[in-house]
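Undergrad: Pasting a structure below so you can have a look.
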Amino acid sequence: MIATHTQGESPLRVAVITTFYPPCNFGGDGRYVQSFVHSLARRGCDVEVIYDADAWRVGKGIARTFDLPSPEPEPAGVTVHRLQSRWPLGSTLLTQQTGRPIIQRQAIAAILAKGFDVIHYHNISLVGGPGILALGDAVKLYTAHEHWLVCPNHILWRHNRELCDGRECFRCSLAFKRPPQLWRKTSLLEDSLTQVDALIGLSQSVAENHRAFGLKREMVPMASFMPDSAAKARVSSAGSPQERPYFLFVGRLEKFKGLQDVIPCFDKDSPADLLIAGTGDFEPELRALSAGRETVRFLGNLPPDSLPGLYRNAVALIAPSQCYEVFPMVALEAFREATPVVARDLGPYRQIIEESAAGLLFVDEDSLSAALKTLCEDRILRDRMGASGRAAVETRWSETTAVDAWFDLVRRIAVEKGKGETVRRVDALRLNSNSQAAPQADTSPNLQEG
């Protein structure tokens with residue numbers, strides 16, 4: 001759906017602030033933000049993205065500025081500001097240690113001074129920390145894509161070996177080889193969050209975890225989504241990549257992703273194989289664990305256009321994460337291809353399975369083996385669950401549903417704050433989008449990293 005402006009009408013101006021944005025991103029969060037930005041542009045908003053290339057350079061170990069990848073093409077209505085400095089390590093470390101945008105503060109403030117109706121923060125950990133929340137004057141929203149507000153290492157995975165059930169942040173940061181953040185001992189975060197009108201949680205579990213770890217602000221629930229055009233099952237002439245049935249894992253190969261609990265379920269007597277798409281630091285250990293198991297295949301890091309067929313022909317996607325995900329997009333990618341999910345009963349997966357009726361949960365090796373056997377033997381059940389997942393992507397987790405909810409939230413806050421011009425712009429966009437409909441190709445690729 002493409003929204004247009006009538007003559008003399010000013011569009012809703014939105015600033016999106018995040019640490020990582022494609023092509024300078026590490027995983028699915030950056031792609032999600034890009035999809036969100038493009039969705040707002042399709043609805044008629046003018047969107048300006050601010051992200052920090054210094055943080056990405058430090059994470060990738062890129063020393064030279066000219067080694068940065070070229071910016072990706074953006075649709076009309078989207079402007080991207082790539083923040084860079086001559087001293088990327090120093091700039092990033094100062095933000096990480098002080099919780100404030102020391103080097104880039106002036107540049108960020110100058111962009112925001114142009115005036116926006118909405119400032120929407122996403123991952124702010126290294127683009128400015130809590131201190132960035134005070135900049136600008138607008139309806140201010142924050143979406144929690146990880147647990148950074150309550151966890152210096154983002155994922156509540158303590159000492160890089162176990163699920164966190166109590167704070168040991170200083171030693172845990174050292175285990176992750178990151179400098180401890182002394183600002184977390186101050187009131188900076190709590191004080192800065194008073195500048196934000198609404199904190200958004202993409203799942204019930206992320207809101208519950210933040211509350212359990214001491215966040216006093218409540219989160220507004222808002223569904224994740226897949227762009228409307230991307231939600232259409234991909235047409236492909238490619239059949240199954242192999243004769244034997246298979247289950248699929250898609251994501252980074254890290255210890256906290258839990259594949260080490262899955263591989264033992266696939267041996268010479270298994271009725272199906274396990275195909276693993278992705279790479280990561282834990283890959284050598286996983287390959288050693290699967291040595292001699294002909295039912296386990298590592299596919300490496302695959303191009304996005306090869307994933308839909310893999311999803312479509314799988315018995316199910318396996319999601320065994322041992323840490324708290326926020327809302328894994330791989331689940332929606334599987335549902336789009338009418339493929340159910342077998343997931344560990346942790347984090348958002350119970351909510352996802354209950355709302356979609358499109359999968360099975362497990363808690364240990366026995367229940368995982370039982371779930372795999374059930375879906376292999378009962379193809380009617382498998383197909384029924386797949387169809388339910390497909391329907392959920394078209395309704396519950398659609399772009400239209402998510403963006404409409406976002407407009408509703410912005411409008412409500414604007415009314416409460418007496419921002420009549422913002423209210424009028426939201427109403428004009430809603431009116432235009434309801435009266436115009438046209439197909440629009442989405443440039444956002446599938447999310448392989450999760």
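By order in the structure tokens, chains are A, B, ...; within a chain, residues start at 1; ligands start at 1, following the order shown.
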Name all residues at most 8 Å from A:Ala331 (count only C-alpha atoms; drop same-chain ones fewer than 4 positions away) and give them as a PDB file with N, CA and C atoms, in the first residue's frame.

TA:
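Saved result, selection_3.pdb, follows:
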```
ATOM      1  N   LEU A 317      10.652 -26.256  11.443  1.00  0.00           N
ATOM      2  CA  LEU A 317      11.808 -25.500  11.901  1.00  0.00           C
ATOM      3  C   LEU A 317      12.040 -25.846  13.363  1.00  0.00           C
ATOM      4  N   PHE A 335       6.525 -19.895   9.158  1.00  0.00           N
ATOM      5  CA  PHE A 335       5.074 -19.844   9.014  1.00  0.00           C
ATOM      6  C   PHE A 335       4.672 -19.372   7.622  1.00  0.00           C
ATOM      7  N   VAL A 341       6.715 -25.015  13.730  1.00  0.00           N
ATOM      8  CA  VAL A 341       7.923 -24.797  14.520  1.00  0.00           C
ATOM      9  C   VAL A 341       7.928 -25.748  15.716  1.00  0.00           C
TER      10      VAL A 341
END
```

Undergrad: Excluding stretch 420-426 of chain A and residues on its chain fewer than 2 positions from it, collect all residues at most 8 Å away from it, counting only C-alpha atoms, and give them as a list in words.

TA: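 What passes the distance filter is Ser10, Pro11, Leu12, Asp117, Phe407, Val410, Arg411, Ala414, Val415, Gly418, Ala428, Leu429 and Arg430 of chain A.
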
Undergrad: Take the residues from that selection and write them out as a PDB file, in the first residue's frame, keeping C-alpha atoms.

TA:
```pdb
ATOM      1  CA  SER A  10       3.059  17.801   5.637  1.00  0.00           C
ATOM      2  CA  PRO A  11       3.879  14.134   6.182  1.00  0.00           C
ATOM      3  CA  LEU A  12       4.445  12.582   9.579  1.00  0.00           C
ATOM      4  CA  ASP A 117       6.761  14.215  15.178  1.00  0.00           C
ATOM      5  CA  PHE A 407      -0.123   4.741  14.491  1.00  0.00           C
ATOM      6  CA  VAL A 410       1.527   7.545  18.416  1.00  0.00           C
ATOM      7  CA  ARG A 411      -1.857   9.219  18.125  1.00  0.00           C
ATOM      8  CA  ALA A 414       0.187  12.886  20.881  1.00  0.00           C
ATOM      9  CA  VAL A 415      -3.321  13.579  22.183  1.00  0.00           C
ATOM     10  CA  GLY A 418      -1.307  18.147  23.302  1.00  0.00           C
ATOM     11  CA  ALA A 428      -4.316  12.167   7.386  1.00  0.00           C
ATOM     12  CA  LEU A 429      -2.029   9.187   6.835  1.00  0.00           C
ATOM     13  CA  ARG A 430      -4.636   6.746   8.086  1.00  0.00           C
TER      14      ARG A 430
END
```

Undergrad: How many Å separate atom CA of A:Ser290 from atom CA of A:Leu274?

TA: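 So the two atoms, atom CA of A:Ser290 and atom CA of A:Leu274, lie 10.3 Å apart.
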
Undergrad: Using DSSP on the backbone, list every residue of stretch 96-338 of chain A that comes out as alpha helix (DSSP H), and give them as a PyMOL selection string.

TA: chain A and resi 96-98+105-112+169-175+188-193+204-212+283-289+307-313+329-336

Undergrad: Have a look at atom CA of A:Arg31 and atom CA of A:Met329 and let me know their distance in Å, one decimal.

TA: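 Interatomic distance here is 9.8 Å.
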
Undergrad: Quick check for you: according to DSSP on this backbone, which residues of stretch 176-215 of chain A are classed as strand (DSSP E or B)? Reply as a PyMOL selection string.

TA: chain A and resi 198-201

Undergrad: Using only N, CA and C atoms, please write the residues we just selected to a file, as a compact mmCIF listing (two decimals), in the first residue's frame.

TA:
```txt
# COMPACT_ATOMS: atom_id res chain seq x y z
N ALA A 198 6.67 5.75 25.75
CA ALA A 198 6.21 4.37 25.80
C ALA A 198 7.36 3.43 25.47
N LEU A 199 7.49 2.38 26.29
CA LEU A 199 8.41 1.28 26.00
C LEU A 199 7.61 0.16 25.37
N ILE A 200 8.08 -0.34 24.25
CA ILE A 200 7.35 -1.36 23.49
C ILE A 200 8.01 -2.72 23.66
N GLY A 201 7.21 -3.70 24.00
CA GLY A 201 7.67 -5.09 24.10
C GLY A 201 7.04 -5.91 22.99
```

Undergrad: What is the distance between atom CA of A:Trp87 and atom CA of A:Ala63, in Å to one decimal?

TA: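 So the answer is 9.7 Å.
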
Undergrad: Rank A:Arg43, A:Arg171, A:Pro340, A:Pro152 by their smallest atom-to-atom distance to A:Arg379, using only C-alpha atoms, and report the top residue only.

TA: A:Pro340

Undergrad: Between A:Pro245, A:Pro101, A:Pro271, A:Gly292, which one has atoms that come closest to A:Gly131, using only C-alpha atoms?

TA: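 Smallest distance to A:Gly131 is found for A:Pro101.
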
Undergrad: What's around stretch 366-374 of chain A at 10 Å? Count only C-alpha atoms, leave out sequence neighbours fewer than 5 positions away in its own chain, and write the answer as a list in words.

TA: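 Surrounding residues, per the criterion: Tyr246, Phe247, Asp261, Val262, Pro264, Cys265, Phe266, Ser270, Pro271, Ala272, Val315, Ala316, Ile318, Pro320, Val342, Ala343, Arg344, Gly359, Leu360, Leu361, Arg379, Leu381 and Arg382 of chain A.
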
Undergrad: Using only C-alpha atoms, which protein or nucleic acid residues come within 9 Å of A:Arg396? Drop anything in the same chain fewer than 2 positions from it, and give the result as a ChimeraX atom specification.

TA: /A:223-225,355-356,391-394,398,401-402

Undergrad: Write out the residues from the selection above, keeping N, CA and C atoms, as a PDB file, in the first residue's frame.

TA:
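Contents of the output file result.pdb:
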```
ATOM      1  N   ALA A 223       2.739  -6.336  18.504  1.00  0.00           N
ATOM      2  CA  ALA A 223       3.136  -7.521  17.759  1.00  0.00           C
ATOM      3  C   ALA A 223       4.263  -7.216  16.785  1.00  0.00           C
ATOM      4  N   SER A 224       5.166  -8.183  16.624  1.00  0.00           N
ATOM      5  CA  SER A 224       6.149  -8.107  15.554  1.00  0.00           C
ATOM      6  C   SER A 224       5.421  -8.332  14.233  1.00  0.00           C
ATOM      7  N   PHE A 225       6.152  -8.259  13.123  1.00  0.00           N
ATOM      8  CA  PHE A 225       5.455  -8.418  11.847  1.00  0.00           C
ATOM      9  C   PHE A 225       6.423  -8.827  10.751  1.00  0.00           C
ATOM     10  N   GLU A 355      -0.602 -18.625  20.076  1.00  0.00           N
ATOM     11  CA  GLU A 355      -1.353 -17.691  19.241  1.00  0.00           C
ATOM     12  C   GLU A 355      -1.482 -18.170  17.801  1.00  0.00           C
ATOM     13  N   SER A 356      -0.569 -19.034  17.368  1.00  0.00           N
ATOM     14  CA  SER A 356      -0.615 -19.503  15.977  1.00  0.00           C
ATOM     15  C   SER A 356      -1.174 -20.904  15.831  1.00  0.00           C
ATOM     16  N   ALA A 391      -1.727 -18.612   8.184  1.00  0.00           N
ATOM     17  CA  ALA A 391      -2.829 -17.685   8.458  1.00  0.00           C
ATOM     18  C   ALA A 391      -2.427 -16.638   9.500  1.00  0.00           C
ATOM     19  N   ALA A 392      -1.609 -17.036  10.484  1.00  0.00           N
ATOM     20  CA  ALA A 392      -1.196 -16.102  11.528  1.00  0.00           C
ATOM     21  C   ALA A 392      -0.306 -14.996  10.964  1.00  0.00           C
ATOM     22  N   VAL A 393       0.555 -15.336  10.002  1.00  0.00           N
ATOM     23  CA  VAL A 393       1.402 -14.327   9.367  1.00  0.00           C
ATOM     24  C   VAL A 393       0.556 -13.326   8.589  1.00  0.00           C
ATOM     25  N   GLU A 394      -0.538 -13.784   8.002  1.00  0.00           N
ATOM     26  CA  GLU A 394      -1.387 -12.912   7.192  1.00  0.00           C
ATOM     27  C   GLU A 394      -2.292 -12.023   8.038  1.00  0.00           C
ATOM     28  N   SER A 398       0.932  -9.394  10.630  1.00  0.00           N
ATOM     29  CA  SER A 398       1.041  -8.739   9.331  1.00  0.00           C
ATOM     30  C   SER A 398       1.545  -7.316   9.490  1.00  0.00           C
ATOM     31  N   THR A 401      -1.380  -4.886  10.393  1.00  0.00           N
ATOM     32  CA  THR A 401      -1.751  -4.955  11.804  1.00  0.00           C
ATOM     33  C   THR A 401      -0.759  -4.197  12.676  1.00  0.00           C
ATOM     34  N   ALA A 402       0.550  -4.423  12.428  1.00  0.00           N
ATOM     35  CA  ALA A 402       1.585  -3.820  13.269  1.00  0.00           C
ATOM     36  C   ALA A 402       1.658  -2.305  13.080  1.00  0.00           C
TER      37      ALA A 402
END
```

Undergrad: If you count only C-alpha atoms, which residues fall within 8 Å of A:Glu218, apart from same-chain ones fewer than 3 positions away, as a PyMOL selection string?

TA: chain A and resi 199+207+211+215

Undergrad: When you look at A:Asp52 with a cut-off of 12 Å (counting only C-alpha atoms), what residues show up, excluding the ones that are within fewer than 5 positions of it in the same chain? I need them as a ChimeraX atom specification.

TA: /A:17-25,30,57-59,80-85,88-89,91-92,95,101,103-105,107-108,123-129
